[in-house]
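> To be precise about what I am sending: the file is called data_22.cif and holds mmCIF, C-alpha atoms.
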data_target
#
loop_
_atom_site.label_atom_id
_atom_site.label_comp_id
_atom_site.auth_asym_id
_atom_site.auth_seq_id
_atom_site.Cartn_x
_atom_site.Cartn_y
_atom_site.Cartn_z
CA MET A 1 145.11 70.20 191.74
CA SER A 2 148.49 70.83 190.16
CA SER A 3 150.25 67.81 188.67
CA THR A 4 153.28 68.69 190.81
CA GLU A 5 151.29 68.77 194.02
CA LEU A 6 151.37 65.78 196.33
CA PRO A 7 147.98 64.07 196.51
CA SER A 8 146.24 63.93 199.84
CA VAL A 9 146.72 60.64 201.64
CA PRO A 10 143.57 59.43 203.41
CA ALA A 11 143.90 58.19 206.96
CA ALA A 12 142.29 54.83 206.33
CA SER A 13 144.26 51.76 205.29
CA VAL A 14 147.59 53.51 204.70
CA LEU A 15 149.42 52.77 207.91
CA PRO A 16 152.27 50.32 207.29
CA ARG A 17 153.93 48.25 209.95
CA VAL A 18 156.56 50.50 211.52
CA SER A 19 158.40 50.47 214.80
CA PRO A 20 156.39 51.72 217.79
CA VAL A 21 156.61 55.30 218.99
CA ARG A 22 158.95 55.81 221.92
CA VAL A 23 157.27 56.30 225.28
CA ALA A 24 159.49 57.66 228.04
CA GLU A 25 159.37 56.31 231.56
CA GLY A 26 156.24 57.54 233.29
CA GLU A 27 154.47 58.45 230.03
CA ARG A 28 151.57 56.75 228.33
CA LEU A 29 149.92 57.03 224.92
CA ARG A 30 146.30 56.71 223.96
CA SER A 31 144.40 57.13 220.72
CA VAL A 32 141.40 59.46 220.60
CA ARG A 33 138.91 59.18 217.75
CA LEU A 34 137.18 62.47 216.94
CA PRO A 35 135.06 63.66 213.99
CA GLY A 36 137.42 63.72 211.00
CA VAL A 37 140.63 63.00 212.92
CA THR A 38 142.28 60.46 215.19
CA LEU A 39 144.76 61.93 217.64
CA THR A 40 147.47 60.28 219.67
CA VAL A 41 147.74 61.87 223.11
CA ARG A 42 150.81 61.57 225.34
CA SER A 43 150.36 62.07 229.06
CA ARG A 44 151.84 61.45 232.47
CA PRO A 45 149.73 60.22 235.38
CA PRO A 46 149.17 63.30 237.55
CA ALA A 47 151.34 63.50 240.64
CA ARG A 48 148.19 64.02 242.69
CA GLU A 49 144.48 64.55 242.24
CA GLY A 50 143.10 67.95 241.41
CA LEU A 51 146.03 69.40 239.46
CA PRO A 52 145.01 71.96 236.82
CA PRO A 53 144.93 70.49 233.29
CA ALA A 54 147.37 71.45 230.53
CA LEU A 55 147.63 70.70 226.82
CA TYR A 56 150.82 70.98 224.76
CA VAL A 57 150.86 71.47 220.95
CA HIS A 58 154.06 70.86 218.94
CA GLY A 59 155.47 72.57 215.88
CA LEU A 60 156.01 71.68 212.21
CA GLY A 61 157.74 68.32 211.85
CA GLY A 62 157.60 67.75 215.61
CA SER A 63 155.48 65.57 217.85
CA SER A 64 154.25 65.29 221.40
CA GLN A 65 157.74 64.06 222.35
CA ASN A 66 158.97 67.65 221.98
CA TRP A 67 157.20 68.42 225.26
CA SER A 68 158.39 65.43 227.31
CA ALA A 69 161.11 67.37 229.17
CA LEU A 70 158.80 70.26 230.11
CA MET A 71 155.96 67.90 231.02
CA LEU A 72 158.32 66.13 233.41
CA GLU A 73 159.53 69.48 234.79
CA LEU A 74 155.93 70.53 235.52
CA ASP A 75 154.80 67.07 236.59
CA GLY A 76 153.98 68.13 240.14
CA VAL A 77 151.97 71.23 239.23
CA LEU A 78 150.04 70.37 236.06
CA ASP A 79 148.05 67.41 234.79
CA GLY A 80 149.61 67.52 231.34
CA GLU A 81 148.74 66.04 227.97
CA ALA A 82 150.61 66.55 224.69
CA VAL A 83 148.84 65.95 221.40
CA ASP A 84 150.26 64.68 218.11
CA LEU A 85 148.66 66.89 215.47
CA PRO A 86 147.04 65.03 212.54
CA GLY A 87 149.72 63.49 210.32
CA PHE A 88 152.51 63.96 212.89
CA GLY A 89 153.94 61.78 215.61
CA ASP A 90 151.69 58.74 215.90
CA SER A 91 148.50 60.46 214.64
CA PRO A 92 147.27 59.43 211.18
CA PRO A 93 146.40 62.05 208.55
CA PRO A 94 143.10 63.92 208.82
CA ASP A 95 140.26 62.37 206.86
CA ASP A 96 139.91 65.44 204.61
CA GLY A 97 143.63 66.08 204.06
CA ASP A 98 143.31 69.59 205.54
CA TYR A 99 146.52 70.67 207.30
CA SER A 100 145.73 74.38 207.61
CA VAL A 101 146.29 76.22 210.87
CA THR A 102 142.52 76.45 211.19
CA ALA A 103 142.13 72.69 210.72
CA HIS A 104 144.80 71.95 213.35
CA ALA A 105 143.08 74.38 215.72
CA ARG A 106 139.76 72.67 215.03
CA ALA A 107 141.32 69.30 215.96
CA VAL A 108 142.62 70.73 219.24
CA ILE A 109 139.22 72.26 220.04
CA ARG A 110 137.43 68.99 219.27
CA HIS A 111 139.80 67.14 221.58
CA LEU A 112 139.29 69.64 224.41
CA ASP A 113 135.53 69.62 223.97
CA ALA A 114 135.40 65.82 223.91
CA ALA A 115 137.71 65.43 226.92
CA GLY A 116 135.88 68.05 228.96
CA ARG A 117 139.17 69.16 230.54
CA GLY A 118 138.89 72.85 229.74
CA PRO A 119 139.79 75.48 230.53
CA VAL A 120 143.38 74.28 230.21
CA HIS A 121 146.78 75.85 230.44
CA LEU A 122 147.54 75.76 226.72
CA PHE A 123 151.10 75.55 225.34
CA GLY A 124 152.24 75.90 221.72
CA ASN A 125 155.58 75.93 219.91
CA SER A 126 156.12 77.33 216.41
CA LEU A 127 153.21 76.03 214.27
CA GLY A 128 151.66 74.89 217.55
CA GLY A 129 151.96 78.48 218.77
CA ALA A 130 149.90 79.71 215.82
CA VAL A 131 147.38 76.94 216.44
CA ALA A 132 147.18 77.73 220.17
CA THR A 133 146.74 81.44 219.43
CA ARG A 134 143.79 80.69 217.18
CA VAL A 135 142.24 78.34 219.76
CA ALA A 136 142.60 80.95 222.52
CA ALA A 137 141.08 83.65 220.30
CA VAL A 138 138.01 81.76 219.10
CA ARG A 139 137.35 79.64 222.22
CA PRO A 140 138.43 81.65 225.26
CA ASP A 141 136.32 79.36 227.44
CA LEU A 142 138.82 76.55 226.77
CA VAL A 143 142.00 78.42 227.75
CA ARG A 144 143.06 79.34 231.29
CA THR A 145 146.53 80.61 230.34
CA LEU A 146 148.54 80.59 227.11
CA THR A 147 152.27 79.83 226.84
CA LEU A 148 153.86 80.32 223.42
CA VAL A 149 157.40 79.23 222.61
CA SER A 150 158.64 80.90 219.39
CA PRO A 151 155.12 81.08 217.94
CA ALA A 152 154.82 81.10 214.14
CA LEU A 153 153.16 84.49 213.79
CA PRO A 154 153.46 86.47 210.53
CA GLU A 155 156.73 88.31 209.87
CA LEU A 156 157.20 90.88 207.12
CA ARG A 157 160.93 90.18 206.95
CA VAL A 158 161.36 86.45 207.30
CA GLN A 159 164.81 85.26 208.33
CA ARG A 160 166.86 83.82 205.47
CA THR A 161 167.35 80.60 207.42
CA ALA A 162 163.56 80.14 207.61
CA VAL A 163 162.97 80.41 203.86
CA PRO A 164 163.63 76.72 203.01
CA THR A 165 160.99 75.63 205.53
CA GLY A 166 158.44 77.97 203.98
CA LEU A 167 159.35 76.74 200.49
CA LEU A 168 158.21 73.24 201.48
CA GLY A 169 154.69 74.56 200.97
CA VAL A 170 155.33 75.34 197.29
CA PRO A 171 153.93 72.60 195.01
CA GLY A 172 156.68 70.30 193.79
CA VAL A 173 159.41 71.50 196.17
CA ALA A 174 159.00 68.62 198.61
CA ALA A 175 159.35 66.10 195.78
CA LEU A 176 162.49 67.86 194.53
CA PHE A 177 163.92 67.99 198.04
CA THR A 178 163.19 64.29 198.53
CA ARG A 179 165.06 63.41 195.35
CA PHE A 180 167.94 65.73 196.19
CA THR A 181 168.36 64.29 199.70
CA LYS A 182 167.60 60.64 198.98
CA GLU A 183 171.16 59.62 199.90
CA TRP A 184 171.10 61.44 203.22
CA THR A 185 171.08 59.22 206.28
CA ALA A 186 168.67 59.75 209.15
CA GLU A 187 171.65 60.87 211.25
CA GLN A 188 172.50 63.58 208.72
CA ARG A 189 168.92 64.78 208.59
CA VAL A 190 168.62 64.95 212.38
CA ARG A 191 171.89 66.87 212.69
CA GLY A 192 170.58 69.37 210.15
CA VAL A 193 167.31 69.80 212.01
CA MET A 194 169.06 70.22 215.35
CA ALA A 195 171.48 72.77 213.90
CA LEU A 196 168.46 74.72 212.69
CA CYS A 197 166.30 74.40 215.82
CA TYR A 198 168.76 74.49 218.73
CA GLY A 199 170.73 77.49 219.88
CA ASP A 200 173.46 75.04 220.90
CA PRO A 201 173.10 71.55 219.37
CA GLY A 202 175.83 70.43 221.75
CA ARG A 203 173.25 70.44 224.54
CA VAL A 204 171.59 67.40 222.96
CA SER A 205 172.71 64.25 224.74
CA PRO A 206 173.86 61.20 222.73
CA GLU A 207 170.81 59.33 224.00
CA ALA A 208 168.42 62.08 222.89
CA PHE A 209 170.12 62.20 219.48
CA ARG A 210 169.74 58.45 219.09
CA HIS A 211 166.06 58.63 219.99
CA ALA A 212 165.55 61.43 217.46
CA VAL A 213 167.18 59.35 214.73
CA GLU A 214 165.02 56.35 215.56
CA GLU A 215 161.88 58.49 215.45
CA LEU A 216 162.81 60.03 212.09
CA GLU A 217 163.55 56.60 210.62
CA ARG A 218 160.12 55.46 211.77
CA ARG A 219 158.32 58.46 210.32
CA LEU A 220 160.16 58.35 206.99
CA ARG A 221 158.55 54.95 206.43
CA LEU A 222 155.09 56.49 206.65
CA PRO A 223 153.66 57.19 203.18
CA TYR A 224 152.12 60.49 204.29
CA PHE A 225 155.21 61.96 205.98
CA TRP A 226 156.05 64.49 203.25
CA ASP A 227 152.40 65.21 202.54
CA ALA A 228 151.85 66.25 206.15
CA MET A 229 155.00 68.37 206.14
CA THR A 230 154.19 70.04 202.83
CA ARG A 231 150.57 70.83 203.54
CA SER A 232 151.27 72.06 207.08
CA ALA A 233 154.06 74.33 205.78
CA ARG A 234 151.63 75.63 203.17
CA GLY A 235 149.08 76.14 205.94
CA ILE A 236 151.50 78.39 207.83
CA VAL A 237 152.24 80.43 204.70
CA ASN A 238 148.52 80.77 203.97
CA ALA A 239 147.83 81.83 207.55
CA TYR A 240 150.48 84.54 207.19
CA THR A 241 148.57 86.03 204.26
CA LEU A 242 145.16 86.14 205.92
CA GLY A 243 143.91 89.59 206.85
CA GLY A 244 140.97 90.94 208.79
CA GLN A 245 139.56 89.10 211.79
CA HIS A 246 141.15 85.82 210.67
CA GLY A 247 144.69 87.24 210.66
CA LEU A 248 146.87 85.76 213.38
CA TRP A 249 147.98 89.14 214.76
CA ARG A 250 144.36 90.28 214.94
CA GLN A 251 143.50 87.07 216.75
CA ALA A 252 146.44 87.57 219.12
CA GLU A 253 144.87 90.88 220.10
CA ARG A 254 141.63 89.06 220.92
CA VAL A 255 143.23 86.59 223.34
CA LEU A 256 141.93 87.16 226.86
CA ALA A 257 144.04 84.57 228.68
CA PRO A 258 147.19 85.63 230.55
CA THR A 259 149.98 84.88 228.08
CA LEU A 260 153.64 83.91 228.55
CA LEU A 261 155.79 84.52 225.47
CA ILE A 262 159.16 82.78 225.16
CA TYR A 263 161.69 83.76 222.49
CA GLY A 264 165.24 82.54 221.83
CA GLY A 265 168.00 84.89 220.74
CA ARG A 266 169.49 82.22 218.45
CA ASP A 267 166.19 81.21 216.85
CA GLN A 268 166.76 80.69 213.11
CA LEU A 269 163.08 80.18 212.27
CA VAL A 270 161.19 82.85 214.23
CA GLY A 271 162.82 86.27 214.48
CA TYR A 272 163.93 87.31 217.97
CA ARG A 273 162.89 90.85 216.98
CA MET A 274 159.25 89.67 216.94
CA ALA A 275 159.24 89.26 220.73
CA GLN A 276 158.37 92.89 221.47
CA LYS A 277 155.66 92.99 218.80
CA ALA A 278 154.09 89.87 220.26
CA ALA A 279 154.31 91.29 223.77
CA ARG A 280 152.38 94.35 222.61
CA ALA A 281 149.79 92.32 220.67
CA PHE A 282 148.74 89.98 223.49
CA ARG A 283 146.89 92.19 225.94
CA ASP A 284 147.93 90.38 229.15
CA SER A 285 151.45 89.27 228.34
CA ARG A 286 154.78 88.64 229.99
CA LEU A 287 157.95 87.95 228.01
CA LEU A 288 160.77 85.51 228.71
CA SER A 289 163.86 86.22 226.58
CA LEU A 290 166.56 83.54 226.38
CA PRO A 291 169.46 84.96 224.37
CA ASP A 292 171.24 81.62 223.89
CA ALA A 293 168.16 79.52 223.11
CA GLY A 294 167.01 78.50 219.66
CA HIS A 295 163.58 77.59 218.33
CA VAL A 296 162.69 74.95 220.94
CA ALA A 297 163.50 76.56 224.29
CA MET A 298 161.27 74.07 226.13
CA MET A 299 163.64 71.31 224.97
CA GLU A 300 166.89 73.22 225.51
CA TYR A 301 166.07 74.91 228.83
CA PRO A 302 163.09 73.08 230.38
CA GLU A 303 164.03 74.16 233.91
CA THR A 304 164.04 77.85 233.01
CA VAL A 305 160.83 77.62 230.99
CA GLY A 306 159.26 75.59 233.79
CA ALA A 307 160.17 78.27 236.35
CA ALA A 308 158.49 80.97 234.23
CA VAL A 309 155.40 78.79 233.83
CA ARG A 310 155.22 78.26 237.59
CA GLU A 311 155.32 82.01 238.08
CA LEU A 312 152.46 82.43 235.61
CA LEU A 313 150.46 79.73 237.41
CA ALA A 314 151.05 81.52 240.71
CA GLU A 315 149.76 84.77 239.21
CA VAL A 316 146.46 83.18 238.18
CA GLY A 317 146.06 81.31 241.45
CA ASP A 318 146.82 77.79 240.20
CA LEU A 319 150.04 77.50 242.20
CA GLY A 320 151.28 78.61 245.58
CA PRO A 321 153.85 81.42 245.93
CA VAL A 322 156.88 80.92 243.70
CA ARG A 323 160.03 80.33 245.70
CA GLY A 324 162.63 82.93 244.84
CA ALA A 325 160.31 85.19 242.86
CA ALA A 326 161.32 88.83 242.55
CA ALA A 327 160.10 91.03 245.35
CA GLY A 328 156.99 92.95 244.43
CA SER A 329 156.27 90.80 241.41
CA GLY A 330 152.70 90.52 240.28
CA PRO A 331 150.62 90.40 237.13
CA GLY A 332 152.70 91.59 234.21
CA SER A 333 156.06 91.32 236.00
CA GLY A 334 158.38 88.71 237.36
CA ALA A 335 161.76 87.02 237.17
CA ALA A 336 163.03 83.88 235.54
CA GLY A 337 163.57 80.95 237.83
CA ALA A 338 167.19 80.51 236.74
CA THR A 339 170.02 82.48 235.21
CA GLY A 340 173.45 81.88 233.77
CA ALA A 341 174.10 78.53 232.10
CA ASP A 342 170.77 77.08 233.13
CA ALA A 343 168.90 79.98 231.61
CA GLY A 344 170.82 80.15 228.37
CA GLY A 345 172.47 83.46 229.19
CA ASP A 346 171.06 86.53 230.88
CA SER A 347 167.41 85.62 230.69
CA ALA A 348 164.77 88.17 231.50
CA VAL A 349 161.06 88.10 232.13
CA THR A 350 159.30 91.40 231.64
CA GLY A 351 155.66 92.33 231.96
CA THR A 352 154.02 94.18 229.09
CA GLY A 353 150.35 93.43 229.53
CA GLY A 354 147.70 96.00 230.14
#
Turn the structure described in the file into structure tokens.

Amino acid sequence: MSSTELPSVPAASVLPRVSPVRVAEGERLRSVRLPGVTLTVRSRPPAREGLPPALYVHGLGGSSQNWSALMLELDGVLDGEAVDLPGFGDSPPPDDGDYSVTAHARAVIRHLDAAGRGPVHLFGNSLGGAVATRVAAVRPDLVRTLTLVSPALPELRVQRTAVPTGLLGVPGVAALFTRFTKEWTAEQRVRGVMALCYGDPGRVSPEAFRHAVEELERRLRLPYFWDAMTRSARGIVNAYTLGGQHGLWRQAERVLAPTLLIYGGRDQLVGYRMAQKAARAFRDSRLLSLPDAGHVAMMEYPETVGAAVRELLAEVGDLGPVRGAAAGSGPGSGAAGATGADAGGDSAVTGTGG
């Protein structure tokens, strides 16, 4: 191991006393111990018995809280759970210090196998999109449908604004960044993250901003915070370089589940131009384009994303007819549930699957 590389922090006996994780009204948290990892799972009591199960997977630096708005939006149609990946949110680091995309996917698979909830409607954002793609490719029996919001799939020409995030994976960079930004307040850090991740940071309410600051302050007190960020960023970079059957694009081609792809026109981390490539790679895909959205469309426009998910559920028979759906819509076609301001501009859902 390089002398500039952060050492792995074991999960045992490193958790200091920090403030509790925020739980929104109607949500609950539970801890799930699995081989090699302990996961915190956020859920809402299902609105009624028999709803199809769903699992939500967050992106780099995020947590299960990133899905709270969409989980609430889909509360009446899905029995949803959102997982904190190892080392993020309220989940401790993995026992072996492995933060690769494969390791995160393995943790998700172990959770689904242990819970016996599969096949689920699987959701992923950014890093979580890469993880969900790998899960759907290697364990199709666990995935009913796949919804990817700005998935972190390999790009040949990475956006300039995404380079600093990728550089976190370079040994020593996180330590340099920590020293350089040691005087930054949590408020400054959160504003920077929101400017990077939101198409319009002004859509964030003062209450949501305050909660984000409180959560960052909590996580900065954890001794493994930067280790988890660094190694997960390195895991994304490494996944980008894999070829053959383990390459993410090759695995995208293997996904059998009906797939909803959601891309934001103002995304500074995942290129908007990748939307069409992704739509061609996933064999049974439909594409929701939100020109004014950034990297976390499910947080910016949960109503619009929720409407597209409902349409997907209707296609696979897990929801009744969608009110207001385009006439003649069917597999591989459809319309967004909202337009204009609610949809972040002239949104469009197009079918590209075969």
> When you count only C-alpha atoms, which of these residues is closest to A:Ala186: A:Asp200, A:Glu214, A:Asp292, A:Glu207?
A:Glu214
> Go through stretch 216-289 of chain A residue by residue and, counting all atoms listed in the file, keep those with an atom at most 7 Å from stretch 129-138 of chain A; for each kept residue give the shortest atom pair and its distance in Å to one decimal, ordered by chain and increasing number, as JSON lines.

{"residue": "A:Gln251", "atom": "CA", "partner": "A:Ala137", "partner_atom": "CA", "distance": 5.5}
{"residue": "A:Ala252", "atom": "CA", "partner": "A:Thr133", "partner_atom": "CA", "distance": 6.1}
{"residue": "A:Arg254", "atom": "CA", "partner": "A:Ala137", "partner_atom": "CA", "distance": 5.5}
{"residue": "A:Val255", "atom": "CA", "partner": "A:Ala137", "partner_atom": "CA", "distance": 4.7}
> One decimal, in Å: what's the spacing between atom CA of A:Arg210 and atom CA of A:Cys197?
16.6 Å
> Report the residues retrieved by the PyMOL selection byres ((chain A and resi 256) around 10) from the displayed file, expressed as number ranges by chain.
A: 136-137, 139-141, 143-146, 252-255, 257-259, 282-285
> Any idea what's packed within 7 Å of A:Gly36, counting only C-alpha atoms, ignoring anything in its chain fewer than 2 positions away? Could you give it as a compact mmCIF listing (two decimals) with C-alpha atoms, in the frame of the given file?

# COMPACT_ATOMS: atom_id res chain seq x y z
CA LEU A 34 137.18 62.47 216.94
CA PRO A 94 143.10 63.92 208.82
CA ASP A 95 140.26 62.37 206.86
> Find the spatial neighbours of A:Gly294, counting only C-alpha atoms, within a cut-off of 9 Å - ignore same-chain residues fewer than 5 positions away - and output them as a ChimeraX atom specification.
/A:150,196-200,263-269,300
> Atom CA of A:Tyr56 and atom CA of A:Ser68, how far apart in Å?
9.7 Å
> Can you pull out the residues contacting A:Arg33? Cut-off 10 Å, using all atoms listed in the file, and skip same-chain residues under 6 positions away; I want them as a VMD selection string.
chain A and resid 39 to 40 111 114
> Just the number, please: distance in Å from atom CA of A:Phe123 to atom CA of A:Asn66, one decimal.
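Computed distance, atom CA of A:Phe123 to atom CA of A:Asn66, equals 11.6 Å.
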> Since the input lacks some atoms of stretch 219-233 of chain A, please model N, CA and C atoms and print them as a compact mmCIF listing (two decimals), in the frame of the given file.

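Result went into rebuild_7.txt, see below:
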# COMPACT_ATOMS: atom_id res chain seq x y z
N ARG A 219 159.26 57.60 211.03
CA ARG A 219 158.32 58.46 210.32
C ARG A 219 158.59 58.51 208.82
N LEU A 220 159.85 58.36 208.42
CA LEU A 220 160.16 58.35 206.99
C LEU A 220 159.55 57.15 206.28
N ARG A 221 159.20 56.12 207.03
CA ARG A 221 158.55 54.95 206.43
C ARG A 221 157.06 55.16 206.22
N LEU A 222 156.52 56.21 206.80
CA LEU A 222 155.09 56.49 206.65
C LEU A 222 154.83 57.15 205.29
N PRO A 223 153.88 56.66 204.53
CA PRO A 223 153.66 57.19 203.18
C PRO A 223 153.16 58.63 203.14
N TYR A 224 152.66 59.13 204.26
CA TYR A 224 152.12 60.49 204.29
C TYR A 224 153.06 61.49 204.94
N PHE A 225 154.28 61.08 205.26
CA PHE A 225 155.21 61.96 205.98
C PHE A 225 155.40 63.29 205.25
N TRP A 226 155.79 63.25 203.98
CA TRP A 226 156.05 64.49 203.25
C TRP A 226 154.77 65.25 202.95
N ASP A 227 153.68 64.55 202.77
CA ASP A 227 152.40 65.21 202.54
C ASP A 227 152.02 66.07 203.73
N ALA A 228 152.17 65.50 204.93
CA ALA A 228 151.85 66.25 206.15
C ALA A 228 152.76 67.45 206.31
N MET A 229 154.05 67.27 206.03
CA MET A 229 155.00 68.37 206.14
C MET A 229 154.66 69.47 205.14
N THR A 230 154.44 69.07 203.90
CA THR A 230 154.19 70.04 202.83
C THR A 230 152.93 70.84 203.08
N ARG A 231 151.85 70.14 203.37
CA ARG A 231 150.57 70.83 203.54
C ARG A 231 150.54 71.68 204.81
N SER A 232 151.22 71.24 205.87
CA SER A 232 151.27 72.06 207.08
C SER A 232 152.12 73.30 206.86
N ALA A 233 153.24 73.16 206.12
CA ALA A 233 154.06 74.33 205.78
C ALA A 233 153.25 75.31 204.94
